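structure.csv follows (CSV, N, CA and C atoms):
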```csv
chain,number,residue,atom,x,y,z
A,1,MET,N,-23.4,51.4,24.4
A,1,MET,CA,-24.0,51.9,25.7
A,1,MET,C,-23.2,51.3,26.8
A,2,GLN,N,-22.9,52.1,27.8
A,2,GLN,CA,-22.2,51.7,29.0
A,2,GLN,C,-23.1,50.9,29.9
A,3,PRO,N,-22.6,49.8,30.6
A,3,PRO,CA,-23.4,49.1,31.5
A,3,PRO,C,-23.8,49.9,32.7
A,4,ILE,N,-24.9,49.5,33.3
A,4,ILE,CA,-25.3,50.0,34.6
A,4,ILE,C,-24.6,49.2,35.7
A,5,VAL,N,-24.0,49.8,36.6
A,5,VAL,CA,-23.3,49.0,37.7
A,5,VAL,C,-24.1,49.1,39.0
A,6,MET,N,-24.5,47.9,39.5
A,6,MET,CA,-25.2,47.8,40.8
A,6,MET,C,-24.2,47.1,41.7
A,7,ARG,N,-23.8,47.8,42.8
A,7,ARG,CA,-22.9,47.3,43.7
A,7,ARG,C,-23.6,46.7,44.9
A,8,ILE,N,-23.3,45.4,45.2
A,8,ILE,CA,-23.9,44.7,46.3
A,8,ILE,C,-22.8,44.4,47.3
A,9,ALA,N,-23.0,45.0,48.5
A,9,ALA,CA,-21.9,44.9,49.5
A,9,ALA,C,-22.5,44.5,50.9
A,10,GLY,N,-21.6,44.1,51.8
A,10,GLY,CA,-22.0,43.7,53.1
A,10,GLY,C,-22.6,42.3,53.2
A,11,ARG,N,-23.5,42.1,54.1
A,11,ARG,CA,-24.2,40.8,54.2
A,11,ARG,C,-25.5,40.9,53.5
A,12,VAL,N,-25.9,39.8,52.8
A,12,VAL,CA,-27.1,39.8,52.1
A,12,VAL,C,-28.0,38.8,52.9
A,13,ALA,N,-29.1,39.2,53.4
A,13,ALA,CA,-30.1,38.4,54.1
A,13,ALA,C,-31.1,37.9,53.2
A,14,PRO,N,-31.8,36.8,53.5
A,14,PRO,CA,-32.9,36.3,52.6
A,14,PRO,C,-33.9,37.4,52.3
A,15,GLY,N,-34.2,38.3,53.2
A,15,GLY,CA,-35.2,39.3,52.9
A,15,GLY,C,-34.8,40.5,52.1
A,16,ASP,N,-33.5,40.5,51.7
A,16,ASP,CA,-33.0,41.6,50.9
A,16,ASP,C,-33.3,41.5,49.4
A,17,ALA,N,-33.5,40.3,48.9
A,17,ALA,CA,-33.8,40.1,47.5
A,17,ALA,C,-34.9,41.0,46.9
A,18,PRO,N,-36.1,41.0,47.6
A,18,PRO,CA,-37.1,41.9,47.0
A,18,PRO,C,-36.8,43.3,46.9
A,19,ARG,N,-36.1,43.8,47.9
A,19,ARG,CA,-35.7,45.2,47.9
A,19,ARG,C,-34.7,45.5,46.8
A,20,LEU,N,-33.7,44.6,46.6
A,20,LEU,CA,-32.7,44.8,45.5
A,20,LEU,C,-33.4,44.8,44.2
A,21,CYS,N,-34.4,43.9,44.0
A,21,CYS,CA,-35.1,43.8,42.7
A,21,CYS,C,-36.0,45.0,42.5
A,22,GLU,N,-36.6,45.6,43.5
A,22,GLU,CA,-37.3,46.8,43.4
A,22,GLU,C,-36.4,48.0,43.0
A,23,GLU,N,-35.2,48.0,43.5
A,23,GLU,CA,-34.2,49.1,43.2
A,23,GLU,C,-33.8,48.9,41.7
A,24,LEU,N,-33.6,47.7,41.3
A,24,LEU,CA,-33.2,47.5,39.9
A,24,LEU,C,-34.3,47.8,38.9
A,25,SER,N,-35.5,47.4,39.3
A,25,SER,CA,-36.7,47.6,38.4
A,25,SER,C,-36.9,49.2,38.3
A,26,ALA,N,-36.8,49.9,39.4
A,26,ALA,CA,-37.0,51.3,39.4
A,26,ALA,C,-35.9,52.0,38.5
A,27,LEU,N,-34.7,51.5,38.6
A,27,LEU,CA,-33.6,52.1,37.8
A,27,LEU,C,-33.8,51.9,36.4
A,28,LEU,N,-34.2,50.6,36.0
A,28,LEU,CA,-34.4,50.3,34.6
A,28,LEU,C,-35.6,51.1,34.0
A,29,MET,N,-36.6,51.2,34.8
A,29,MET,CA,-37.8,52.0,34.3
A,29,MET,C,-37.4,53.5,34.2
A,30,ASP,N,-36.6,54.0,35.1
A,30,ASP,CA,-36.1,55.4,35.0
A,30,ASP,C,-35.3,55.6,33.7
A,31,LEU,N,-34.5,54.6,33.4
A,31,LEU,CA,-33.6,54.8,32.2
A,31,LEU,C,-34.5,54.8,31.0
A,32,GLY,N,-35.6,54.2,31.0
A,32,GLY,CA,-36.4,54.2,29.8
A,32,GLY,C,-37.4,55.3,29.7
A,33,THR,N,-37.7,56.0,30.8
A,33,THR,CA,-38.7,57.0,30.8
A,33,THR,C,-38.4,58.4,31.2
A,34,THR,N,-37.2,58.6,31.8
A,34,THR,CA,-36.9,60.0,32.2
A,34,THR,C,-35.6,60.5,31.6
A,35,ALA,N,-35.3,61.7,31.8
A,35,ALA,CA,-34.1,62.3,31.2
A,35,ALA,C,-32.9,62.2,32.1
A,36,SER,N,-33.1,61.9,33.4
A,36,SER,CA,-32.0,61.7,34.3
A,36,SER,C,-32.3,60.5,35.2
A,37,SER,N,-31.2,59.9,35.6
A,37,SER,CA,-31.4,58.7,36.5
A,37,SER,C,-30.4,58.8,37.6
A,38,PRO,N,-30.8,59.4,38.8
A,38,PRO,CA,-29.9,59.6,39.9
A,38,PRO,C,-29.6,58.4,40.6
A,39,GLY,N,-30.2,57.2,40.4
A,39,GLY,CA,-30.0,56.0,41.1
A,39,GLY,C,-31.1,55.9,42.2
A,40,THR,N,-31.2,54.7,42.7
A,40,THR,CA,-32.3,54.4,43.6
A,40,THR,C,-31.8,54.2,45.1
A,41,ALA,N,-30.5,54.1,45.3
A,41,ALA,CA,-30.0,53.9,46.6
A,41,ALA,C,-29.0,55.0,46.9
A,42,ARG,N,-29.0,55.6,48.1
A,42,ARG,CA,-28.0,56.5,48.5
A,42,ARG,C,-27.3,56.0,49.7
A,43,GLU,N,-26.1,56.5,49.9
A,43,GLU,CA,-25.3,56.1,51.1
A,43,GLU,C,-26.1,56.2,52.4
A,44,ASP,N,-26.9,57.2,52.5
A,44,ASP,CA,-27.7,57.5,53.7
A,44,ASP,C,-28.9,56.7,53.8
A,45,ASP,N,-29.3,55.9,52.8
A,45,ASP,CA,-30.5,55.0,52.9
A,45,ASP,C,-30.2,53.9,53.8
A,46,PRO,N,-31.1,53.6,54.8
A,46,PRO,CA,-30.8,52.5,55.7
A,46,PRO,C,-31.2,51.2,55.0
A,47,ALA,N,-30.4,50.1,55.4
A,47,ALA,CA,-30.7,48.8,54.9
A,47,ALA,C,-31.9,48.3,55.7
A,48,PRO,N,-32.6,47.2,55.3
A,48,PRO,CA,-33.7,46.7,56.1
A,48,PRO,C,-33.2,46.2,57.4
A,49,ALA,N,-34.1,46.2,58.4
A,49,ALA,CA,-33.8,45.8,59.7
A,49,ALA,C,-33.2,44.4,59.7
A,50,GLY,N,-32.1,44.2,60.5
A,50,GLY,CA,-31.5,42.9,60.6
A,50,GLY,C,-30.6,42.5,59.4
A,51,SER,N,-30.3,43.5,58.6
A,51,SER,CA,-29.5,43.2,57.4
A,51,SER,C,-28.4,44.3,57.3
A,52,ALA,N,-27.2,44.0,56.8
A,52,ALA,CA,-26.2,44.9,56.6
A,52,ALA,C,-25.9,45.1,55.1
A,53,ALA,N,-26.8,44.5,54.3
A,53,ALA,CA,-26.6,44.5,52.8
A,53,ALA,C,-26.8,46.0,52.3
A,54,ALA,N,-26.0,46.3,51.4
A,54,ALA,CA,-26.1,47.7,50.8
A,54,ALA,C,-25.9,47.5,49.3
A,55,ALA,N,-26.8,48.2,48.6
A,55,ALA,CA,-26.7,48.3,47.2
A,55,ALA,C,-26.5,49.7,46.7
A,56,ASP,N,-25.5,50.0,45.9
A,56,ASP,CA,-25.3,51.3,45.4
A,56,ASP,C,-25.7,51.2,43.9
A,57,THR,N,-26.9,51.6,43.5
A,57,THR,CA,-27.4,51.4,42.2
A,57,THR,C,-27.3,52.7,41.4
A,58,VAL,N,-26.3,52.8,40.6
A,58,VAL,CA,-26.2,54.0,39.8
A,58,VAL,C,-25.6,53.7,38.5
A,59,PRO,N,-26.0,54.4,37.4
A,59,PRO,CA,-25.5,54.2,36.1
A,59,PRO,C,-24.0,54.6,36.1
A,60,ASP,N,-23.3,53.9,35.2
A,60,ASP,CA,-21.9,54.3,35.0
A,60,ASP,C,-21.9,55.7,34.4
A,61,PRO,N,-20.8,56.5,34.6
A,61,PRO,CA,-20.7,57.7,33.9
A,61,PRO,C,-20.7,57.5,32.4
A,62,GLY,N,-21.3,58.3,31.7
A,62,GLY,CA,-21.4,58.2,30.2
A,62,GLY,C,-22.6,57.4,29.8
A,63,THR,N,-23.4,56.8,30.7
A,63,THR,CA,-24.6,56.1,30.3
A,63,THR,C,-25.6,57.1,29.9
A,64,ALA,N,-26.2,56.9,28.7
A,64,ALA,CA,-27.2,57.9,28.3
A,64,ALA,C,-28.5,57.5,28.9
A,65,ALA,N,-28.9,58.2,29.9
A,65,ALA,CA,-30.2,57.9,30.5
A,65,ALA,C,-31.3,58.3,29.5
A,66,GLY,N,-32.3,57.4,29.4
A,66,GLY,CA,-33.4,57.7,28.5
A,66,GLY,C,-33.1,57.0,27.1
A,67,ALA,N,-32.0,56.4,26.9
A,67,ALA,CA,-31.6,55.8,25.7
A,67,ALA,C,-32.5,54.5,25.4
A,68,GLY,N,-32.9,53.9,26.5
A,68,GLY,CA,-33.7,52.6,26.3
A,68,GLY,C,-35.2,53.0,26.1
A,69,ALA,N,-35.9,52.1,25.6
A,69,ALA,CA,-37.3,52.3,25.4
A,69,ALA,C,-38.0,52.1,26.8
A,70,ALA,N,-39.2,52.5,26.9
A,70,ALA,CA,-39.9,52.5,28.2
A,70,ALA,C,-40.0,51.0,28.7
A,71,ARG,N,-40.2,50.1,27.8
A,71,ARG,CA,-40.4,48.7,28.3
A,71,ARG,C,-39.1,47.8,28.1
A,72,ARG,N,-38.2,48.3,27.2
A,72,ARG,CA,-37.0,47.5,26.9
A,72,ARG,C,-35.8,48.3,27.2
A,73,CYS,N,-34.9,47.9,28.1
A,73,CYS,CA,-33.7,48.6,28.4
A,73,CYS,C,-32.6,48.1,27.6
A,74,GLN,N,-31.8,48.9,26.9
A,74,GLN,CA,-30.7,48.5,26.1
A,74,GLN,C,-29.4,48.2,26.9
A,75,ALA,N,-29.4,48.7,28.1
A,75,ALA,CA,-28.1,48.6,28.8
A,75,ALA,C,-28.1,47.3,29.6
A,76,GLU,N,-26.9,46.7,29.7
A,76,GLU,CA,-26.6,45.5,30.5
A,76,GLU,C,-26.4,46.0,31.9
A,77,VAL,N,-26.8,45.2,32.9
A,77,VAL,CA,-26.6,45.5,34.3
A,77,VAL,C,-25.4,44.6,34.8
A,78,VAL,N,-24.5,45.3,35.4
A,78,VAL,CA,-23.3,44.6,36.0
A,78,VAL,C,-23.5,44.6,37.5
A,79,CYS,N,-23.6,43.5,38.1
A,79,CYS,CA,-23.7,43.4,39.6
A,79,CYS,C,-22.3,43.2,40.1
A,80,ASP,N,-21.7,44.2,40.8
A,80,ASP,CA,-20.4,44.1,41.4
A,80,ASP,C,-20.5,43.6,42.8
A,81,VAL,N,-20.1,42.4,43.0
A,81,VAL,CA,-20.3,41.7,44.3
A,81,VAL,C,-18.9,41.6,45.1
A,82,GLY,N,-18.0,42.4,44.7
A,82,GLY,CA,-16.7,42.4,45.3
A,82,GLY,C,-16.7,42.8,46.8
A,83,GLY,N,-17.7,43.5,47.2
A,83,GLY,CA,-17.8,44.0,48.6
A,83,GLY,C,-18.6,43.1,49.5
A,84,LEU,N,-19.0,41.9,49.1
A,84,LEU,CA,-19.8,41.0,49.9
A,84,LEU,C,-19.0,40.6,51.1
A,85,ALA,N,-19.6,40.6,52.3
A,85,ALA,CA,-19.0,40.1,53.5
A,85,ALA,C,-18.8,38.6,53.5
A,86,GLN,N,-19.8,37.9,52.9
A,86,GLN,CA,-19.7,36.4,52.8
A,86,GLN,C,-20.6,35.9,51.7
A,87,THR,N,-20.3,34.7,51.2
A,87,THR,CA,-21.1,34.1,50.2
A,87,THR,C,-22.1,33.2,50.9
A,88,SER,N,-23.3,33.3,50.4
A,88,SER,CA,-24.4,32.5,51.0
A,88,SER,C,-25.4,32.2,49.9
A,89,LEU,N,-26.4,31.3,50.3
A,89,LEU,CA,-27.4,31.0,49.3
A,89,LEU,C,-28.4,32.2,49.2
A,90,ALA,N,-28.4,33.1,50.2
A,90,ALA,CA,-29.2,34.3,50.0
A,90,ALA,C,-28.6,35.2,48.9
A,91,VAL,N,-27.3,35.2,48.8
A,91,VAL,CA,-26.7,36.0,47.7
A,91,VAL,C,-27.1,35.3,46.3
A,92,VAL,N,-27.0,34.0,46.2
A,92,VAL,CA,-27.4,33.3,45.0
A,92,VAL,C,-28.8,33.6,44.7
A,93,ASP,N,-29.7,33.5,45.7
A,93,ASP,CA,-31.1,33.8,45.5
A,93,ASP,C,-31.3,35.2,45.0
A,94,ALA,N,-30.6,36.2,45.6
A,94,ALA,CA,-30.8,37.6,45.2
A,94,ALA,C,-30.3,37.8,43.7
A,95,LEU,N,-29.2,37.2,43.4
A,95,LEU,CA,-28.7,37.3,42.0
A,95,LEU,C,-29.7,36.6,41.0
A,96,ALA,N,-30.2,35.5,41.4
A,96,ALA,CA,-31.2,34.8,40.5
A,96,ALA,C,-32.4,35.7,40.3
A,97,ARG,N,-32.9,36.3,41.4
A,97,ARG,CA,-34.1,37.2,41.3
A,97,ARG,C,-33.8,38.5,40.5
A,98,LEU,N,-32.6,39.0,40.7
A,98,LEU,CA,-32.2,40.2,39.9
A,98,LEU,C,-32.1,39.8,38.4
A,99,GLN,N,-31.6,38.6,38.1
A,99,GLN,CA,-31.6,38.2,36.7
A,99,GLN,C,-33.0,38.2,36.1
A,100,LEU,N,-34.0,37.6,36.9
A,100,LEU,CA,-35.4,37.6,36.4
A,100,LEU,C,-35.9,39.0,36.2
A,101,THR,N,-35.6,39.9,37.2
A,101,THR,CA,-36.1,41.2,37.1
A,101,THR,C,-35.5,41.9,35.8
A,102,ALA,N,-34.3,41.7,35.6
A,102,ALA,CA,-33.6,42.3,34.4
A,102,ALA,C,-34.3,41.8,33.1
A,103,ARG,N,-34.5,40.5,33.1
A,103,ARG,CA,-35.1,39.9,31.9
A,103,ARG,C,-36.5,40.4,31.6
A,104,ARG,N,-37.2,40.7,32.7
A,104,ARG,CA,-38.6,41.3,32.5
A,104,ARG,C,-38.5,42.7,31.9
A,105,HIS,N,-37.3,43.3,32.0
A,105,HIS,CA,-37.1,44.7,31.4
A,105,HIS,C,-36.3,44.6,30.1
A,106,GLY,N,-36.1,43.3,29.6
A,106,GLY,CA,-35.5,43.2,28.3
A,106,GLY,C,-34.0,43.3,28.3
A,107,THR,N,-33.4,43.1,29.5
A,107,THR,CA,-31.9,43.1,29.6
A,107,THR,C,-31.5,41.9,30.4
A,108,ARG,N,-30.2,41.9,30.8
A,108,ARG,CA,-29.7,40.8,31.6
A,108,ARG,C,-28.7,41.4,32.6
A,109,ILE,N,-28.2,40.6,33.5
A,109,ILE,CA,-27.2,41.0,34.5
A,109,ILE,C,-26.0,40.1,34.2
A,110,ARG,N,-24.8,40.6,34.6
A,110,ARG,CA,-23.6,39.9,34.7
A,110,ARG,C,-23.0,40.2,36.1
A,111,VAL,N,-22.3,39.2,36.6
A,111,VAL,CA,-21.7,39.4,37.9
A,111,VAL,C,-20.2,39.7,37.7
A,112,ARG,N,-19.7,40.7,38.5
A,112,ARG,CA,-18.3,41.1,38.5
A,112,ARG,C,-17.7,41.0,39.8
A,113,ASN,N,-16.4,40.6,39.9
A,113,ASN,CA,-15.7,40.5,41.1
A,113,ASN,C,-16.2,39.5,42.1
A,114,ALA,N,-16.8,38.4,41.5
A,114,ALA,CA,-17.3,37.3,42.4
A,114,ALA,C,-16.2,36.5,42.9
A,115,PRO,N,-16.2,36.2,44.3
A,115,PRO,CA,-15.2,35.3,44.8
A,115,PRO,C,-15.4,33.9,44.3
A,116,PRO,N,-14.3,33.1,44.3
A,116,PRO,CA,-14.4,31.7,43.8
A,116,PRO,C,-15.6,30.9,44.4
A,117,ASP,N,-15.8,31.1,45.7
A,117,ASP,CA,-16.9,30.3,46.3
A,117,ASP,C,-18.3,30.7,45.8
A,118,LEU,N,-18.5,31.9,45.4
A,118,LEU,CA,-19.7,32.3,44.8
A,118,LEU,C,-19.9,31.8,43.4
A,119,VAL,N,-18.8,31.8,42.6
A,119,VAL,CA,-18.8,31.3,41.3
A,119,VAL,C,-19.1,29.8,41.3
A,120,ALA,N,-18.6,29.1,42.3
A,120,ALA,CA,-18.8,27.6,42.5
A,120,ALA,C,-20.3,27.4,42.8
A,121,LEU,N,-20.9,28.2,43.7
A,121,LEU,CA,-22.3,28.1,44.1
A,121,LEU,C,-23.2,28.4,42.8
A,122,LEU,N,-22.9,29.4,42.1
A,122,LEU,CA,-23.6,29.7,40.9
A,122,LEU,C,-23.6,28.6,39.9
A,123,GLY,N,-22.5,27.9,39.8
A,123,GLY,CA,-22.4,26.7,38.9
A,123,GLY,C,-23.2,25.6,39.4
A,124,LEU,N,-23.2,25.4,40.7
A,124,LEU,CA,-24.0,24.3,41.3
A,124,LEU,C,-25.5,24.4,41.1
A,125,VAL,N,-25.9,25.7,41.1
A,125,VAL,CA,-27.4,25.9,41.0
A,125,VAL,C,-27.8,26.2,39.5
A,126,GLY,N,-26.8,26.1,38.6
A,126,GLY,CA,-27.1,26.3,37.2
A,126,GLY,C,-27.2,27.7,36.7
A,127,LEU,N,-26.5,28.7,37.4
A,127,LEU,CA,-26.6,30.1,37.1
A,127,LEU,C,-25.2,30.6,36.5
A,128,MET,N,-24.5,29.7,35.9
A,128,MET,CA,-23.2,30.1,35.3
A,128,MET,C,-23.4,31.2,34.2
A,129,GLU,N,-24.6,31.3,33.7
A,129,GLU,CA,-24.9,32.3,32.7
A,129,GLU,C,-24.6,33.7,33.1
A,130,LEU,N,-24.6,33.9,34.5
A,130,LEU,CA,-24.3,35.2,35.0
A,130,LEU,C,-22.9,35.5,34.8
A,131,GLY,N,-22.0,34.5,34.9
A,131,GLY,CA,-20.6,34.7,34.6
A,131,GLY,C,-19.8,35.8,35.2
A,132,GLU,N,-18.7,36.1,34.6
A,132,GLU,CA,-17.8,37.1,35.0
A,132,GLU,C,-17.7,38.2,33.9
A,133,VAL,N,-17.7,39.4,34.3
A,133,VAL,CA,-17.4,40.5,33.3
A,133,VAL,C,-15.9,40.8,33.4
A,134,ALA,N,-15.3,40.8,32.3
A,134,ALA,CA,-13.8,41.1,32.2
A,134,ALA,C,-13.5,42.5,32.7
```

For this file, produce the structure as C-alpha coordinates.
Amino acid sequence: MQPIVMRIAGRVAPGDAPRLCEELSALLMDLGTTASSPGTAREDDPAPAGSAAAADTVPDPGTAAGAGAARRCQAEVVCDVGGLAQTSLAVVDALARLQLTARRHGTRIRVRNAPPDLVALLGLVGLMELGEVA
(Lines of atoms letter the chains of each structure in order from A and count residues from 1; the text may use other names and numbers.)
(Lines give C-alpha, C1' and ligand atoms only; values in the text may rest on other atoms or scores of the structure.)
Protein backbone atom coordinates (compact mmCIF):
# COMPACT_ATOMS: atom_id res chain seq x y z
CA MET A 1 0.00 0.00 0.00
CA GLN A 2 1.24 3.47 -0.88
CA PRO A 3 1.85 5.89 2.01
CA ILE A 4 -0.44 8.83 2.65
CA VAL A 5 1.46 12.11 2.19
CA MET A 6 0.66 15.04 4.45
CA ARG A 7 2.50 18.21 3.41
CA ILE A 8 3.16 20.78 6.11
CA ALA A 9 4.37 24.12 4.79
CA GLY A 10 4.76 27.72 5.88
CA ARG A 11 4.99 28.71 9.53
CA VAL A 12 3.59 26.42 12.18
CA ALA A 13 2.15 28.21 15.19
CA PRO A 14 1.50 26.49 18.54
CA GLY A 15 -2.24 26.58 17.85
CA ASP A 16 -1.90 24.67 14.56
CA ALA A 17 -1.25 21.23 16.09
CA PRO A 18 -4.90 20.46 16.99
CA ARG A 19 -6.08 21.39 13.48
CA LEU A 20 -3.41 19.26 11.83
CA CYS A 21 -4.34 16.32 14.07
CA GLU A 22 -8.02 16.72 13.22
CA GLU A 23 -7.18 16.69 9.51
CA LEU A 24 -5.06 13.56 9.90
CA SER A 25 -7.69 11.82 12.01
CA ALA A 26 -10.44 12.62 9.49
CA LEU A 27 -8.29 11.36 6.63
CA LEU A 28 -7.44 8.12 8.39
CA MET A 29 -11.08 7.53 9.31
CA ASP A 30 -12.12 8.24 5.70
CA LEU A 31 -9.63 5.68 4.44
CA GLY A 32 -11.15 3.06 6.66
CA THR A 33 -14.82 3.77 6.06
CA THR A 34 -15.47 5.31 2.64
CA ALA A 35 -14.87 4.44 -0.99
CA SER A 36 -13.10 7.69 -1.77
CA SER A 37 -10.84 10.03 0.14
CA PRO A 38 -10.59 13.49 -1.39
CA GLY A 39 -8.41 14.85 1.41
CA THR A 40 -9.26 17.19 4.20
CA ALA A 41 -7.48 20.37 3.21
CA ARG A 42 -7.78 22.29 -0.01
CA GLU A 43 -5.67 25.11 -1.34
CA ASP A 44 -8.55 27.53 -0.77
CA ASP A 45 -9.01 26.52 2.90
CA PRO A 46 -7.82 29.35 5.15
CA ALA A 47 -5.23 28.68 7.83
CA PRO A 48 -6.18 29.64 11.38
CA ALA A 49 -5.92 33.32 12.28
CA GLY A 50 -2.36 34.39 12.98
CA SER A 51 -0.84 31.40 11.25
CA ALA A 52 0.55 30.81 7.80
CA ALA A 53 0.81 27.03 8.23
CA ALA A 54 -0.70 25.00 5.46
CA ALA A 55 -1.27 21.29 5.28
CA ASP A 56 -2.11 19.54 2.05
CA THR A 57 -3.46 16.21 3.24
CA VAL A 58 -4.12 13.90 0.34
CA PRO A 59 -3.43 10.25 -0.31
CA ASP A 60 -0.71 9.41 -2.80
CA PRO A 61 -2.00 8.34 -6.23
CA GLY A 62 -2.54 4.62 -6.23
CA THR A 63 -3.55 4.48 -2.57
CA ALA A 64 -6.53 2.19 -2.24
CA ALA A 65 -9.03 4.20 -0.22
CA GLY A 66 -11.04 1.93 1.95
CA ALA A 67 -8.31 -0.72 2.14
CA GLY A 68 -7.82 -0.16 5.88
CA ALA A 69 -10.24 -1.31 8.53
CA ALA A 70 -12.49 1.28 10.15
CA ARG A 71 -10.37 1.36 13.29
CA ARG A 72 -6.96 0.32 11.96
CA CYS A 73 -5.38 2.04 8.98
CA GLN A 74 -2.86 -0.05 7.06
CA ALA A 75 -1.19 2.92 5.35
CA GLU A 76 1.82 4.74 6.73
CA VAL A 77 1.59 8.53 6.89
CA VAL A 78 4.51 10.53 5.49
CA CYS A 79 4.77 14.13 6.72
CA ASP A 80 6.63 16.14 4.09
CA VAL A 81 8.06 19.16 5.91
CA GLY A 82 10.24 20.44 3.08
CA GLY A 83 8.09 23.56 2.71
CA LEU A 84 8.44 24.79 6.30
CA ALA A 85 9.38 28.44 6.61
CA GLN A 86 11.31 27.81 9.83
CA THR A 87 12.01 25.12 12.39
CA SER A 88 10.53 25.69 15.82
CA LEU A 89 9.32 23.83 18.86
CA ALA A 90 5.79 24.31 17.51
CA VAL A 91 6.78 22.10 14.57
CA VAL A 92 8.19 19.46 16.93
CA ASP A 93 5.03 19.62 19.04
CA ALA A 94 2.82 19.26 15.95
CA LEU A 95 4.82 16.25 14.73
CA ALA A 96 4.66 14.59 18.15
CA ARG A 97 0.89 15.10 18.30
CA LEU A 98 0.50 13.82 14.74
CA GLN A 99 2.43 10.70 15.74
CA LEU A 100 0.05 10.15 18.69
CA THR A 101 -2.95 10.66 16.43
CA ALA A 102 -1.60 8.17 13.90
CA ARG A 103 -0.93 5.60 16.62
CA ARG A 104 -4.52 5.92 17.82
CA HIS A 105 -5.53 4.84 14.32
CA GLY A 106 -3.10 1.93 14.27
CA THR A 107 -0.48 3.47 12.03
CA ARG A 108 2.54 5.78 12.33
CA ILE A 109 4.12 8.78 10.68
CA ARG A 110 7.50 9.33 9.11
CA VAL A 111 9.03 12.72 8.36
CA ARG A 112 10.38 13.46 4.89
CA ASN A 113 12.53 16.38 3.67
CA ALA A 114 13.31 17.55 7.20
CA PRO A 115 16.02 20.22 7.42
CA PRO A 116 19.03 19.32 9.59
CA ASP A 117 17.95 21.65 12.40
CA LEU A 118 14.57 19.89 12.66
CA VAL A 119 16.29 16.49 12.70
CA ALA A 120 18.51 17.76 15.53
CA LEU A 121 15.50 19.04 17.50
CA LEU A 122 13.67 15.74 17.03
CA GLY A 123 16.75 13.98 18.39
CA LEU A 124 16.98 16.29 21.40
CA VAL A 125 13.39 15.61 22.42
CA GLY A 126 13.60 11.85 21.77
CA LEU A 127 11.55 11.69 18.57
CA MET A 128 14.15 10.24 16.26
CA GLU A 129 11.71 7.38 15.65
CA LEU A 130 10.00 9.70 13.17
CA GLY A 131 13.19 9.56 11.12
CA GLU A 132 13.60 10.21 7.44
CA VAL A 133 11.86 8.44 4.58
CA ALA A 134 14.22 7.64 1.75

Compile the contact shell of Ile109 of chain A as a list in words: residues with an atom at most 6.5 Å away, counting only N, CA and C atoms, same-chain residues fewer than 3 positions apart removed.
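Skipping anything fewer than 3 positions along the chain leaves Glu76, Val77, Val78, Cys79, Leu98, Gln99, Ala102, Arg103 and Leu130 of chain A.
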
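Interatomic distance, atom CA of Met128 of chain A to atom CA of Ala26 of chain A: 25.6 Å.
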
Do a neighbour search on Asp117 of chain A at 10 Å with only C-alpha atoms, toss out local chain neighbours closer than 5 positions, and write the hits as a list in words.
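Listed by chain and then number, they are Gln86, Thr87, Ser88, Leu122 and Gly123 of chain A.
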
Just checking: using all atoms listed in the file, which residue out of A:Ala9, A:Leu121, A:Met29, A:Cys21 ends up closest to Ala85 of chain A?
A:Ala9

Quick one: of A:Ala75, A:Ala13, A:Val5, A:Leu124, who's nearest to Thr107 of chain A, counting all atoms listed in the file?
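The answer is A:Ala75, which sits nearest to Thr107 of chain A.
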
What does the distance from atom CA of Leu28 of chain A to atom CA of His105 of chain A come to in Å, to one decimal?
7.0 Å

Identify, on the basis of all atoms listed in the file, every residue whose closest approach to Leu84 of chain A does not exceed 6 Å; exclude the query and any residue fewer than 5 positions from it along the same chain; express the result as a PyMOL selection string.
chain A and resi 8-11

Of the residues A:Arg97, A:Arg19, A:Arg7, A:Arg104, which is the one nearest to Val81 of chain A, using all atoms listed in the file?
A:Arg7

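What separates atom N of Leu100 of chain A from atom N of Pro115 of chain A is a distance of 19.3 Å.
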